[in-house]
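Colleague: What follows is the file my_file.txt, containing compact mmCIF, C-alpha atoms (C1' of nucleotides):
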```txt
# COMPACT_ATOMS: atom_id res chain seq x y z
CA MET P 146 -52.58 -0.96 27.64
CA ALA P 147 -49.56 -1.37 25.42
CA GLU P 148 -47.05 -2.27 28.08
CA LYS P 149 -49.17 -4.93 29.60
CA THR P 150 -49.95 -6.41 26.23
CA LYS P 151 -46.28 -6.58 25.39
CA THR P 152 -45.40 -8.12 28.71
CA THR P 153 -48.16 -10.67 28.42
CA PHE P 154 -47.04 -11.53 24.93
CA ALA P 155 -43.47 -11.96 26.10
CA GLN P 156 -44.66 -14.19 28.91
CA GLY P 157 -46.53 -16.40 26.51
CA GLN P 158 -43.53 -16.57 24.24
CA LEU P 159 -41.25 -17.44 27.11
CA ARG P 160 -43.58 -20.13 28.28
CA ALA P 161 -43.70 -21.61 24.81
CA LEU P 162 -39.91 -21.54 24.49
CA VAL P 163 -39.42 -23.23 27.83
CA GLU P 164 -41.90 -25.91 26.94
CA ARG P 165 -40.29 -26.60 23.59
CA ILE P 166 -36.85 -26.86 25.13
CA GLU P 167 -38.02 -29.10 27.92
CA ARG P 168 -39.85 -31.30 25.47
CA LEU P 169 -36.73 -31.67 23.35
CA GLU P 170 -34.55 -32.37 26.35
CA GLU P 171 -37.02 -35.03 27.35
CA GLU P 172 -36.62 -36.68 23.96
CA LYS P 173 -32.88 -36.41 24.17
CA LYS P 174 -32.88 -38.05 27.56
CA SER P 175 -35.09 -40.81 26.30
CA ILE P 176 -32.70 -41.57 23.47
CA ALA P 177 -29.81 -41.55 25.90
CA GLY P 178 -31.74 -44.20 27.79
CA ASP P 179 -32.13 -46.24 24.63
CA ILE P 180 -28.39 -46.09 24.06
CA LYS P 181 -27.78 -47.30 27.58
CA GLU P 182 -30.09 -50.21 26.93
CA VAL P 183 -28.18 -51.19 23.82
CA TYR P 184 -24.97 -51.24 25.82
CA ALA P 185 -26.67 -53.36 28.44
CA GLU P 186 -27.81 -55.76 25.76
CA ALA P 187 -24.28 -55.87 24.34
CA LYS P 188 -22.93 -56.71 27.77
CA ALA P 189 -25.55 -59.42 28.19
CA ASN P 190 -24.26 -60.93 24.93
CA GLY P 191 -20.74 -61.04 26.24
CA PHE P 192 -19.26 -57.91 24.68
CA ASP P 193 -16.90 -55.72 26.67
CA THR P 194 -18.76 -52.42 26.80
CA LYS P 195 -15.67 -50.44 27.64
CA ILE P 196 -14.02 -51.55 24.43
CA LEU P 197 -17.27 -51.16 22.54
CA ARG P 198 -17.43 -47.53 23.64
CA LYS P 199 -13.89 -47.07 22.45
CA VAL P 200 -14.82 -48.54 19.07
CA ILE P 201 -17.72 -46.13 18.74
CA SER P 202 -15.59 -43.17 19.63
CA LEU P 203 -12.85 -44.22 17.21
CA ARG P 204 -15.36 -44.45 14.39
CA LYS P 205 -16.71 -41.06 15.35
CA LYS P 206 -13.25 -39.62 15.22
CA ASP P 207 -12.61 -41.20 11.84
CA ALA P 208 -15.79 -39.71 10.52
CA SER P 209 -15.05 -36.20 11.70
CA GLU P 210 -11.52 -36.47 10.38
CA ARG P 211 -12.90 -37.44 7.02
CA GLN P 212 -15.26 -34.47 7.18
CA GLU P 213 -12.32 -32.18 7.76
CA GLU P 214 -10.56 -33.61 4.75
CA GLU P 215 -13.64 -33.16 2.64
CA ALA P 216 -14.09 -29.61 3.83
CA LEU P 217 -10.51 -28.87 2.90
CA LEU P 218 -11.03 -30.51 -0.47
CA ASP P 219 -14.03 -28.26 -1.02
CA VAL P 220 -11.94 -25.24 -0.26
CA TYR P 221 -9.34 -26.32 -2.81
CA LEU P 222 -11.93 -27.11 -5.46
CA ALA P 223 -13.67 -23.81 -4.84
CA ALA P 224 -10.34 -22.02 -5.16
CA LEU P 225 -9.97 -23.70 -8.55
CA GLY P 226 -13.47 -22.56 -9.54
CA MET P 227 -14.89 -26.12 -9.49
CA PRO P 228 -17.41 -25.89 -6.65
CA GLU P 229 -19.60 -28.90 -7.47
CA SER P 230 -17.06 -31.24 -9.01
CA ARG P 231 -16.87 -33.72 -6.19
CA GLU P 232 -20.57 -34.28 -5.63
CA ALA P 233 -20.27 -37.58 -7.48
CA ALA P 234 -17.44 -38.81 -5.31
CA GLU P 235 -19.64 -39.45 -2.25
CA MET A 213 -17.25 -75.35 11.20
CA ALA A 214 -18.57 -74.39 14.62
CA GLU A 215 -15.90 -71.89 15.58
CA LYS A 216 -16.15 -69.93 12.41
CA THR A 217 -19.92 -69.85 12.65
CA LYS A 218 -19.70 -68.48 16.16
CA THR A 219 -17.17 -65.86 15.16
CA THR A 220 -19.24 -64.81 12.18
CA PHE A 221 -22.30 -64.59 14.34
CA ALA A 222 -20.46 -62.42 16.84
CA GLN A 223 -19.27 -60.21 14.02
CA GLY A 224 -22.79 -59.73 12.80
CA GLN A 225 -23.97 -58.99 16.30
CA LEU A 226 -21.20 -56.48 16.86
CA ARG A 227 -21.95 -54.80 13.57
CA ALA A 228 -25.63 -54.56 14.45
CA LEU A 229 -24.91 -53.14 17.90
CA VAL A 230 -22.57 -50.53 16.52
CA GLU A 231 -25.09 -49.52 13.92
CA ARG A 232 -27.89 -49.18 16.44
CA ILE A 233 -25.78 -47.11 18.77
CA GLU A 234 -24.56 -44.86 16.01
CA ARG A 235 -28.08 -44.40 14.75
CA LEU A 236 -29.31 -43.41 18.19
CA GLU A 237 -26.42 -41.03 18.73
CA GLU A 238 -27.28 -39.47 15.41
CA GLU A 239 -30.81 -38.85 16.64
CA LYS A 240 -29.56 -37.47 19.91
CA LYS A 241 -27.25 -35.08 18.13
CA SER A 242 -30.06 -33.98 15.88
CA ILE A 243 -32.23 -33.15 18.87
CA ALA A 244 -29.38 -31.25 20.46
CA GLY A 245 -29.30 -29.23 17.26
CA ASP A 246 -33.00 -28.54 17.57
CA ILE A 247 -32.49 -27.26 21.09
CA LYS A 248 -29.76 -24.97 19.88
CA GLU A 249 -32.12 -23.62 17.26
CA VAL A 250 -34.76 -22.84 19.85
CA TYR A 251 -32.23 -20.87 21.86
CA ALA A 252 -31.22 -19.02 18.72
CA GLU A 253 -34.83 -18.21 18.01
CA ALA A 254 -35.30 -17.03 21.58
CA LYS A 255 -32.32 -14.75 21.24
CA ALA A 256 -33.68 -13.41 17.95
CA ASN A 257 -36.88 -12.53 19.82
CA GLY A 258 -34.97 -10.52 22.37
CA PHE A 259 -34.67 -13.04 25.19
CA ASP A 260 -31.47 -13.30 27.16
CA THR A 261 -30.36 -16.87 26.53
CA LYS A 262 -28.21 -16.94 29.62
CA ILE A 263 -31.23 -16.30 31.79
CA LEU A 264 -33.33 -18.67 29.74
CA ARG A 265 -30.78 -21.40 30.35
CA LYS A 266 -30.85 -20.62 34.06
CA VAL A 267 -34.62 -20.93 34.08
CA ILE A 268 -34.44 -24.32 32.41
CA SER A 269 -31.76 -25.55 34.75
CA LEU A 270 -33.63 -24.33 37.82
CA ARG A 271 -36.72 -26.22 36.79
CA LYS A 272 -34.60 -29.28 36.15
CA LYS A 273 -32.99 -28.93 39.55
CA ASP A 274 -36.36 -28.71 41.28
CA ALA A 275 -37.32 -31.98 39.69
CA SER A 276 -34.13 -33.75 40.72
CA GLU A 277 -34.45 -32.32 44.22
CA ARG A 278 -37.75 -34.05 44.63
CA GLN A 279 -36.10 -37.31 43.59
CA GLU A 280 -33.27 -36.70 46.02
CA GLU A 281 -35.74 -36.19 48.85
CA GLU A 282 -37.35 -39.51 48.08
CA ALA A 283 -33.98 -41.22 48.00
CA LEU A 284 -33.17 -39.74 51.38
CA LEU A 285 -36.47 -40.96 52.72
CA ASP A 286 -35.64 -44.44 51.47
CA VAL A 287 -32.35 -44.37 53.29
CA TYR A 288 -33.98 -43.31 56.52
CA LEU A 289 -36.73 -45.87 56.26
CA ALA A 290 -34.20 -48.57 55.52
CA ALA A 291 -32.16 -47.48 58.53
CA LEU A 292 -35.28 -47.91 60.65
CA GLY A 293 -35.77 -51.43 59.33
CA MET A 294 -38.74 -50.57 57.16
CA PRO A 295 -37.29 -51.21 53.74
CA GLU A 296 -40.48 -51.60 51.73
CA SER A 297 -42.74 -49.11 53.49
CA ARG A 298 -43.00 -46.64 50.69
CA GLU A 299 -43.33 -49.06 47.80
CA ALA A 300 -46.92 -48.00 47.37
CA ALA A 301 -45.98 -44.36 46.89
CA GLU A 302 -44.50 -44.94 43.42
CA MET U 271 22.46 -25.69 18.16
CA ALA U 272 19.31 -23.67 18.80
CA GLU U 273 16.76 -26.28 17.78
CA LYS U 274 18.17 -28.98 19.91
CA THR U 275 18.42 -26.64 22.86
CA LYS U 276 14.78 -25.72 22.49
CA THR U 277 13.73 -29.33 22.19
CA THR U 278 15.79 -30.34 25.18
CA PHE U 279 14.35 -27.50 27.18
CA ALA U 280 10.81 -28.53 26.23
CA GLN U 281 11.60 -32.10 27.23
CA GLY U 282 12.81 -30.97 30.60
CA GLN U 283 9.73 -28.82 31.06
CA LEU U 284 7.44 -31.67 30.11
CA ARG U 285 9.18 -34.00 32.48
CA ALA U 286 8.83 -31.50 35.29
CA LEU U 287 5.15 -30.92 34.58
CA VAL U 288 4.40 -34.63 34.53
CA GLU U 289 6.23 -35.12 37.79
CA ARG U 290 4.40 -32.28 39.49
CA ILE U 291 1.03 -33.57 38.33
CA GLU U 292 1.80 -37.12 39.35
CA ARG U 293 2.99 -35.95 42.73
CA LEU U 294 -0.19 -33.98 43.31
CA GLU U 295 -2.37 -36.86 42.21
CA GLU U 296 -0.48 -39.02 44.66
CA GLU U 297 -1.37 -36.61 47.47
CA LYS U 298 -4.95 -36.49 46.36
CA LYS U 299 -5.15 -40.25 46.37
CA SER U 300 -3.64 -40.33 49.83
CA ILE U 301 -6.29 -37.98 51.15
CA ALA U 302 -8.99 -40.09 49.55
CA GLY U 303 -7.54 -42.96 51.54
CA ASP U 304 -7.78 -40.93 54.73
CA ILE U 305 -11.44 -40.24 54.02
CA LYS U 306 -12.03 -43.93 53.57
CA GLU U 307 -10.44 -44.56 56.94
CA VAL U 308 -12.72 -42.07 58.63
CA TYR U 309 -15.73 -43.85 57.20
CA ALA U 310 -14.34 -47.14 58.42
CA GLU U 311 -13.87 -45.70 61.88
CA ALA U 312 -17.40 -44.35 61.83
CA LYS U 313 -18.72 -47.76 60.93
CA ALA U 314 -16.68 -49.32 63.74
CA ASN U 315 -18.40 -46.91 66.11
CA GLY U 316 -21.81 -48.06 65.00
CA PHE U 317 -22.72 -45.35 62.52
CA ASP U 318 -24.50 -46.25 59.31
CA THR U 319 -22.04 -45.13 56.65
CA LYS U 320 -24.70 -44.91 54.01
CA ILE U 321 -26.56 -42.32 56.02
CA LEU U 322 -23.33 -40.60 56.94
CA ARG U 323 -22.51 -40.28 53.28
CA LYS U 324 -25.96 -38.87 52.64
CA VAL U 325 -25.45 -36.30 55.35
CA ILE U 326 -22.16 -35.22 53.85
CA SER U 327 -23.60 -35.01 50.38
CA LEU U 328 -26.62 -33.05 51.59
CA ARG U 329 -24.42 -30.49 53.27
CA LYS U 330 -22.35 -30.29 50.11
CA LYS U 331 -25.49 -29.77 48.08
CA ASP U 332 -26.69 -27.03 50.38
CA ALA U 333 -23.40 -25.24 49.89
CA SER U 334 -23.55 -25.50 46.14
CA GLU U 335 -27.14 -24.35 46.23
CA ARG U 336 -26.10 -21.18 47.96
CA GLN U 337 -23.52 -20.65 45.25
CA GLU U 338 -26.13 -21.31 42.62
CA GLU U 339 -28.42 -18.72 44.14
CA GLU U 340 -25.67 -16.16 44.05
CA ALA U 341 -24.91 -17.02 40.45
CA LEU U 342 -28.56 -16.55 39.61
CA LEU U 343 -28.56 -13.22 41.35
CA ASP U 344 -25.53 -12.20 39.30
CA VAL U 345 -27.29 -13.11 36.10
CA TYR U 346 -30.31 -11.08 37.03
CA LEU U 347 -28.29 -8.09 38.11
CA ALA U 348 -26.28 -8.27 34.91
CA ALA U 349 -29.50 -8.46 32.91
CA LEU U 350 -30.62 -5.28 34.66
CA GLY U 351 -27.40 -3.54 33.73
CA MET U 352 -25.94 -3.62 37.24
CA PRO U 353 -22.99 -5.91 36.69
CA GLU U 354 -20.89 -5.00 39.73
CA SER U 355 -23.57 -4.25 42.29
CA ARG U 356 -22.88 -7.17 44.53
CA GLU U 357 -19.11 -7.17 44.46
CA ALA U 358 -19.06 -6.09 48.08
CA ALA U 359 -21.06 -9.11 49.16
CA GLU U 360 -18.24 -11.56 48.42
CA MET R 167 -30.11 -40.02 82.28
CA ALA R 168 -28.22 -42.73 80.46
CA GLU R 169 -30.12 -42.48 77.22
CA LYS R 170 -29.62 -38.81 76.88
CA THR R 171 -25.92 -39.12 77.66
CA LYS R 172 -25.51 -41.76 74.99
CA THR R 173 -27.41 -39.72 72.45
CA THR R 174 -25.40 -36.62 73.22
CA PHE R 175 -22.20 -38.55 72.93
CA ALA R 176 -23.25 -39.97 69.59
CA GLN R 177 -24.13 -36.50 68.41
CA GLY R 178 -20.72 -35.19 69.33
CA GLN R 179 -19.06 -38.12 67.61
CA LEU R 180 -21.12 -37.63 64.50
CA ARG R 181 -20.29 -33.97 64.44
CA ALA R 182 -16.60 -34.74 64.73
CA LEU R 183 -16.75 -37.32 61.96
CA VAL R 184 -18.55 -34.97 59.63
CA GLU R 185 -16.04 -32.25 60.31
CA ARG R 186 -13.08 -34.50 59.70
CA ILE R 187 -14.52 -35.74 56.44
CA GLU R 188 -15.39 -32.28 55.25
CA ARG R 189 -11.97 -31.02 56.16
CA LEU R 190 -10.33 -33.80 54.18
CA GLU R 191 -12.57 -33.24 51.22
CA GLU R 192 -11.63 -29.60 51.36
CA GLU R 193 -7.96 -30.54 51.13
CA LYS R 194 -8.66 -32.90 48.32
CA LYS R 195 -10.46 -30.19 46.43
CA SER R 196 -7.63 -27.80 47.02
CA ILE R 197 -5.14 -30.24 45.53
CA ALA R 198 -7.42 -30.73 42.56
CA GLY R 199 -7.21 -26.99 42.10
CA ASP R 200 -3.43 -27.16 42.20
CA ILE R 201 -3.48 -29.79 39.48
CA LYS R 202 -5.68 -27.56 37.36
CA GLU R 203 -3.17 -24.78 37.80
CA VAL R 204 -0.33 -26.96 36.63
CA TYR R 205 -2.28 -27.78 33.48
CA ALA R 206 -2.94 -24.08 32.96
CA GLU R 207 0.75 -23.37 33.32
CA ALA R 208 1.54 -26.15 30.86
CA LYS R 209 -0.86 -24.64 28.35
CA ALA R 210 0.69 -21.22 28.87
CA ASN R 211 4.02 -22.79 27.92
CA GLY R 212 2.61 -24.13 24.69
CA PHE R 213 1.84 -27.70 25.67
CA ASP R 214 -1.34 -29.37 24.43
CA THR R 215 -3.13 -30.19 27.66
CA LYS R 216 -5.32 -32.79 26.05
CA ILE R 217 -2.27 -34.78 25.03
CA LEU R 218 -0.64 -34.11 28.35
CA ARG R 219 -3.64 -35.62 30.14
CA LYS R 220 -3.40 -38.63 27.88
CA VAL R 221 0.25 -39.02 28.79
CA ILE R 222 -0.57 -38.96 32.48
CA SER R 223 -3.33 -41.51 32.14
CA LEU R 224 -1.19 -43.82 30.01
CA ARG R 225 1.53 -43.79 32.62
CA LYS R 226 -1.05 -44.65 35.22
CA LYS R 227 -2.08 -47.81 33.42
CA ASP R 228 0.42 -50.58 33.59
CA ALA R 229 1.83 -52.04 30.44
CA SER R 230 0.13 -55.42 30.47
CA GLU R 231 -3.26 -53.88 30.99
CA ARG R 232 -2.69 -51.64 28.02
CA GLN R 233 -1.70 -54.61 25.86
CA GLU R 234 -4.84 -56.53 26.77
CA GLU R 235 -7.10 -53.64 25.94
CA GLU R 236 -5.35 -53.00 22.67
CA ALA R 237 -5.58 -56.63 21.64
CA LEU R 238 -9.30 -56.77 22.29
CA LEU R 239 -9.82 -53.47 20.54
CA ASP R 240 -8.01 -54.84 17.51
CA VAL R 241 -10.31 -57.85 17.45
CA TYR R 242 -13.39 -55.64 17.48
CA LEU R 243 -12.06 -53.32 14.83
CA ALA R 244 -11.03 -56.26 12.64
CA ALA R 245 -14.55 -57.69 12.99
CA LEU R 246 -15.84 -54.40 11.65
CA GLY R 247 -13.37 -54.43 8.80
CA MET R 248 -11.40 -51.49 10.16
CA PRO R 249 -8.00 -53.07 10.67
CA GLU R 250 -5.88 -49.90 10.55
CA SER R 251 -8.24 -47.41 12.15
CA ARG R 252 -6.56 -47.14 15.46
CA GLU R 253 -3.01 -46.47 14.34
CA ALA R 254 -3.46 -42.76 14.88
CA ALA R 255 -5.54 -42.89 18.01
CA GLU R 256 -2.83 -43.35 20.59
C1' DC N 32 -18.22 -60.36 41.53
C1' DA N 33 -21.53 -57.95 39.07
C1' DC N 34 -24.38 -53.69 39.57
C1' DT N 35 -25.65 -49.39 40.81
C1' DG N 36 -24.84 -44.92 42.07
C1' DG N 37 -21.86 -41.10 42.89
C1' DA N 38 -17.34 -38.67 42.16
C1' DA N 39 -13.89 -37.24 38.88
C1' DA N 40 -12.36 -36.30 34.34
C1' DA N 41 -13.07 -34.96 29.71
C1' DT N 42 -15.41 -32.79 26.22
C1' DG N 43 -18.07 -29.27 24.05
C1' DC N 44 -20.36 -24.82 24.14
C1' DC N 45 -21.29 -20.21 25.03
C1' DG N 46 -20.31 -15.55 25.65
C1' DC N 47 -16.61 -12.12 25.70
C1' DG E 244 -9.75 -17.63 20.14
C1' DC E 245 -9.99 -18.47 24.89
C1' DG E 246 -11.49 -19.05 29.46
C1' DG E 247 -15.06 -20.60 32.16
C1' DC E 248 -19.12 -23.23 32.71
C1' DA E 249 -22.33 -27.04 31.88
C1' DT E 250 -22.96 -31.29 30.14
C1' DT E 251 -21.45 -35.73 29.25
C1' DT E 252 -18.68 -39.61 29.89
C1' DT E 253 -15.66 -42.40 32.48
C1' DC E 254 -14.21 -44.44 36.51
C1' DC E 255 -14.38 -46.39 41.03
C1' DA E 256 -15.99 -47.57 45.45
C1' DG E 257 -19.63 -49.57 48.08
C1' DT E 258 -23.40 -52.96 48.25
C1' DG E 259 -25.84 -57.18 47.97
```
Now that the file is in, can you turn its structure into structure tokens?
Modeller:
Amino acid sequence: MAEKTKTTFAQGQLRALVERIERLEEEKKSIAGDIKEVYAEAKANGFDTKILRKVISLRKKDASERQEEEALLDVYLAALGMPESREAAE
Amino acid sequence: MAEKTKTTFAQGQLRALVERIERLEEEKKSIAGDIKEVYAEAKANGFDTKILRKVISLRKKDASERQEEEALLDVYLAALGMPESREAAE
Amino acid sequence: MAEKTKTTFAQGQLRALVERIERLEEEKKSIAGDIKEVYAEAKANGFDTKILRKVISLRKKDASERQEEEALLDVYLAALGMPESREAAE
Amino acid sequence: MAEKTKTTFAQGQLRALVERIERLEEEKKSIAGDIKEVYAEAKANGFDTKILRKVISLRKKDASERQEEEALLDVYLAALGMPESREAAE
DNA sequence: CACTGGAAAATGCCGC
DNA sequence: GCGGCATTTTCCAGTG
């Protein structure tokens, strides 16, 4: 029966998708826990975690800003017909 | 010079902490990307991602509800002066 | 001078917005204080505030669960191509 | 029956407390909604709400607190060899 | 007074 | 591109 086969197949697929997602979210959560532990350790060593978080977020911002610059640079280089020129600059 | 040694040590510690955190956040982000990919794949196979997300969140909610029930039980037991009664249930 | 006028106008607007927001946050804070007082009064009358808080949060959760169910229903109806079917139920 | 009277009284009290708290939380929520509206209006008038929020939160913090945080942040950033990183962040 | 847990705020993400 | 929603992060009050 074609319909049933299709439905069954879709069910199996769905099940597999849900499992994969839940597995990945599990991993993500676990890593989040690890991060928390590192902050706890930092605090135990006398660091101010609030400031530490700010430091991390500043560095993140710097990085993404740099990425933007690089993306823009790529656009300019591409416009000049020099698409791979800046590979070496990394 | 003791002070300088201490400062240097703290610097090294800070550096190490920042690196560990950033490494872990990298991993977390990568997994988030994987999850996104699974949703994309689901969509490509004809699944409605909005519903799929609902399914995932419902299952998550069921899990947290169970936890909430246990927390409530703890509160009630504590209120009855039986703080450790359900230790064994863990 | 058009530019200055525009700038001045924007300044006045900004000032007004900030004042309105700060005023509202003041009110919000005041109400939070009232809530605190009610809990204090409850405690003075022999109620266990921890349990009281649980009760409140459970009732809140029940409410949001109802909403969640309706949202889920919407998603399903939409998936079945019946986007406005339950408008009347609001 | 004294016990029953006491219990009934407590029930009525509890009910009243719960209602008062829920009423206040309702008001609080309503004001939060008003605040959201003001931000929406600000955005509609061309203001960057993200910056606007930052303005509000800066005004909330008192000056000396801000100075302390900034000083400590500078120390951390200097330890990481990023002395100028936070110029732009404010 | 430090810690934990829960509320509020902020950010990011998805679909339209 | 934006508005709304969900997640994440931050903050704060209560507790021991």
Colleague: What does the distance between CA of Ala252 (chain A) and CA of Ile233 (chain A) come to in Å, to one decimal place?
Modeller: 28.6 Å
Colleague: Using all atoms listed in the file, can you tell me which of P:Arg168, P:Lys151, P:Arg160, P:Lys188 comes closest to chain N?
Modeller: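 Selected residue with least distance to chain N: P:Lys188.
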Colleague: Once chain P is fitted onto chain A by least squares over all its in-order Cα atoms, send the moved chain as a PDB file with C-alpha atoms, in the frame of the given file.
Modeller:
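Saved as superposed-v1.pdb:
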```
ATOM      1  CA  MET P 146     -15.542 -74.967  10.238  1.00  0.00           C
ATOM      2  CA  ALA P 147     -16.200 -73.959  13.811  1.00  0.00           C
ATOM      3  CA  GLU P 148     -13.734 -71.120  14.036  1.00  0.00           C
ATOM      4  CA  LYS P 149     -14.914 -69.456  10.918  1.00  0.00           C
ATOM      5  CA  THR P 150     -18.515 -69.788  11.954  1.00  0.00           C
ATOM      6  CA  LYS P 151     -17.766 -68.190  15.284  1.00  0.00           C
ATOM      7  CA  THR P 152     -15.814 -65.383  13.709  1.00  0.00           C
ATOM      8  CA  THR P 153     -18.521 -64.735  11.168  1.00  0.00           C
ATOM      9  CA  PHE P 154     -21.116 -64.704  13.896  1.00  0.00           C
ATOM     10  CA  ALA P 155     -19.068 -62.253  15.921  1.00  0.00           C
ATOM     11  CA  GLN P 156     -18.692 -60.050  12.873  1.00  0.00           C
ATOM     12  CA  GLY P 157     -22.413 -59.977  12.332  1.00  0.00           C
ATOM     13  CA  GLN P 158     -22.984 -59.190  15.970  1.00  0.00           C
ATOM     14  CA  LEU P 159     -20.439 -56.414  15.899  1.00  0.00           C
ATOM     15  CA  ARG P 160     -21.976 -54.945  12.814  1.00  0.00           C
ATOM     16  CA  ALA P 161     -25.389 -54.997  14.426  1.00  0.00           C
ATOM     17  CA  LEU P 162     -24.078 -53.358  17.598  1.00  0.00           C
ATOM     18  CA  VAL P 163     -22.348 -50.609  15.674  1.00  0.00           C
ATOM     19  CA  GLU P 164     -25.456 -49.928  13.674  1.00  0.00           C
ATOM     20  CA  ARG P 165     -27.660 -49.753  16.741  1.00  0.00           C
ATOM     21  CA  ILE P 166     -25.299 -47.374  18.485  1.00  0.00           C
ATOM     22  CA  GLU P 167     -24.935 -45.160  15.462  1.00  0.00           C
ATOM     23  CA  ARG P 168     -28.672 -45.094  14.984  1.00  0.00           C
ATOM     24  CA  LEU P 169     -29.193 -44.036  18.586  1.00  0.00           C
ATOM     25  CA  GLU P 170     -26.499 -41.400  18.397  1.00  0.00           C
ATOM     26  CA  GLU P 171     -28.201 -40.081  15.308  1.00  0.00           C
ATOM     27  CA  GLU P 172     -31.441 -39.720  17.244  1.00  0.00           C
ATOM     28  CA  LYS P 173     -29.650 -38.084  20.111  1.00  0.00           C
ATOM     29  CA  LYS P 174     -28.051 -35.592  17.784  1.00  0.00           C
ATOM     30  CA  SER P 175     -31.368 -34.845  16.195  1.00  0.00           C
ATOM     31  CA  ILE P 176     -32.917 -34.063  19.555  1.00  0.00           C
ATOM     32  CA  ALA P 177     -29.966 -31.867  20.409  1.00  0.00           C
ATOM     33  CA  GLY P 178     -30.792 -29.993  17.227  1.00  0.00           C
ATOM     34  CA  ASP P 179     -34.391 -29.614  18.326  1.00  0.00           C
ATOM     35  CA  ILE P 180     -33.240 -28.149  21.622  1.00  0.00           C
ATOM     36  CA  LYS P 181     -31.067 -25.670  19.789  1.00  0.00           C
ATOM     37  CA  GLU P 182     -34.057 -24.639  17.734  1.00  0.00           C
ATOM     38  CA  VAL P 183     -36.123 -24.004  20.834  1.00  0.00           C
ATOM     39  CA  TYR P 184     -33.400 -21.747  22.174  1.00  0.00           C
ATOM     40  CA  ALA P 185     -33.307 -19.941  18.861  1.00  0.00           C
ATOM     41  CA  GLU P 186     -37.047 -19.463  19.015  1.00  0.00           C
ATOM     42  CA  ALA P 187     -36.748 -18.180  22.586  1.00  0.00           C
ATOM     43  CA  LYS P 188     -34.144 -15.678  21.466  1.00  0.00           C
ATOM     44  CA  ALA P 189     -36.360 -14.589  18.586  1.00  0.00           C
ATOM     45  CA  ASN P 190     -39.074 -13.873  21.174  1.00  0.00           C
ATOM     46  CA  GLY P 191     -36.768 -11.657  23.147  1.00  0.00           C
ATOM     47  CA  PHE P 192     -35.616 -14.020  25.886  1.00  0.00           C
ATOM     48  CA  ASP P 193     -32.013 -13.984  27.046  1.00  0.00           C
ATOM     49  CA  THR P 194     -30.852 -17.496  26.218  1.00  0.00           C
ATOM     50  CA  LYS P 195     -27.921 -17.337  28.575  1.00  0.00           C
ATOM     51  CA  ILE P 196     -30.235 -16.756  31.502  1.00  0.00           C
ATOM     52  CA  LEU P 197     -32.707 -19.270  30.139  1.00  0.00           C
ATOM     53  CA  ARG P 198     -29.975 -21.905  30.150  1.00  0.00           C
ATOM     54  CA  LYS P 199     -29.191 -21.000  33.717  1.00  0.00           C
ATOM     55  CA  VAL P 200     -32.854 -21.415  34.643  1.00  0.00           C
ATOM     56  CA  ILE P 201     -32.933 -24.860  33.078  1.00  0.00           C
ATOM     57  CA  SER P 202     -29.810 -25.935  34.863  1.00  0.00           C
ATOM     58  CA  LEU P 203     -31.077 -24.611  38.196  1.00  0.00           C
ATOM     59  CA  ARG P 204     -34.278 -26.590  37.823  1.00  0.00           C
ATOM     60  CA  LYS P 205     -32.254 -29.647  36.931  1.00  0.00           C
ATOM     61  CA  LYS P 206     -30.185 -29.208  40.027  1.00  0.00           C
ATOM     62  CA  ASP P 207     -33.284 -28.786  42.161  1.00  0.00           C
ATOM     63  CA  ALA P 208     -34.706 -31.960  40.756  1.00  0.00           C
ATOM     64  CA  SER P 209     -31.622 -34.043  41.400  1.00  0.00           C
ATOM     65  CA  GLU P 210     -31.337 -32.596  44.879  1.00  0.00           C
ATOM     66  CA  ARG P 211     -34.892 -33.623  45.547  1.00  0.00           C
ATOM     67  CA  GLN P 212     -34.088 -37.096  44.240  1.00  0.00           C
ATOM     68  CA  GLU P 213     -31.238 -37.349  46.697  1.00  0.00           C
ATOM     69  CA  GLU P 214     -33.537 -36.387  49.525  1.00  0.00           C
ATOM     70  CA  GLU P 215     -36.070 -38.944  48.436  1.00  0.00           C
ATOM     71  CA  ALA P 216     -33.431 -41.622  48.150  1.00  0.00           C
ATOM     72  CA  LEU P 217     -32.286 -40.835  51.657  1.00  0.00           C
ATOM     73  CA  LEU P 218     -35.872 -40.913  52.862  1.00  0.00           C
ATOM     74  CA  ASP P 219     -36.240 -44.353  51.313  1.00  0.00           C
ATOM     75  CA  VAL P 220     -33.197 -45.540  53.155  1.00  0.00           C
ATOM     76  CA  TYR P 221     -34.631 -44.303  56.448  1.00  0.00           C
ATOM     77  CA  LEU P 222     -38.045 -45.808  55.793  1.00  0.00           C
ATOM     78  CA  ALA P 223     -36.476 -49.095  54.774  1.00  0.00           C
ATOM     79  CA  ALA P 224     -34.407 -49.067  57.954  1.00  0.00           C
ATOM     80  CA  LEU P 225     -37.675 -48.696  59.860  1.00  0.00           C
ATOM     81  CA  GLY P 226     -39.174 -51.626  57.938  1.00  0.00           C
ATOM     82  CA  MET P 227     -41.649 -49.405  56.033  1.00  0.00           C
ATOM     83  CA  PRO P 228     -40.435 -49.816  52.452  1.00  0.00           C
ATOM     84  CA  GLU P 229     -43.557 -48.705  50.568  1.00  0.00           C
ATOM     85  CA  SER P 230     -44.960 -46.131  52.956  1.00  0.00           C
ATOM     86  CA  ARG P 231     -44.165 -43.064  50.930  1.00  0.00           C
ATOM     87  CA  GLU P 232     -45.531 -44.182  47.583  1.00  0.00           C
ATOM     88  CA  ALA P 233     -48.580 -42.004  48.190  1.00  0.00           C
ATOM     89  CA  ALA P 234     -46.528 -38.914  48.880  1.00  0.00           C
ATOM     90  CA  GLU P 235     -45.500 -38.393  45.235  1.00  0.00           C
TER      91      GLU P 235
END
```
Colleague: Calculate how many Å separate C1' of DG43 (chain N) from CA of Asp200 (chain R), rounding to one decimal.
Modeller: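 Calculated distance between C1' of DG43 (chain N) and CA of Asp200 (chain R) is 23.4 Å.
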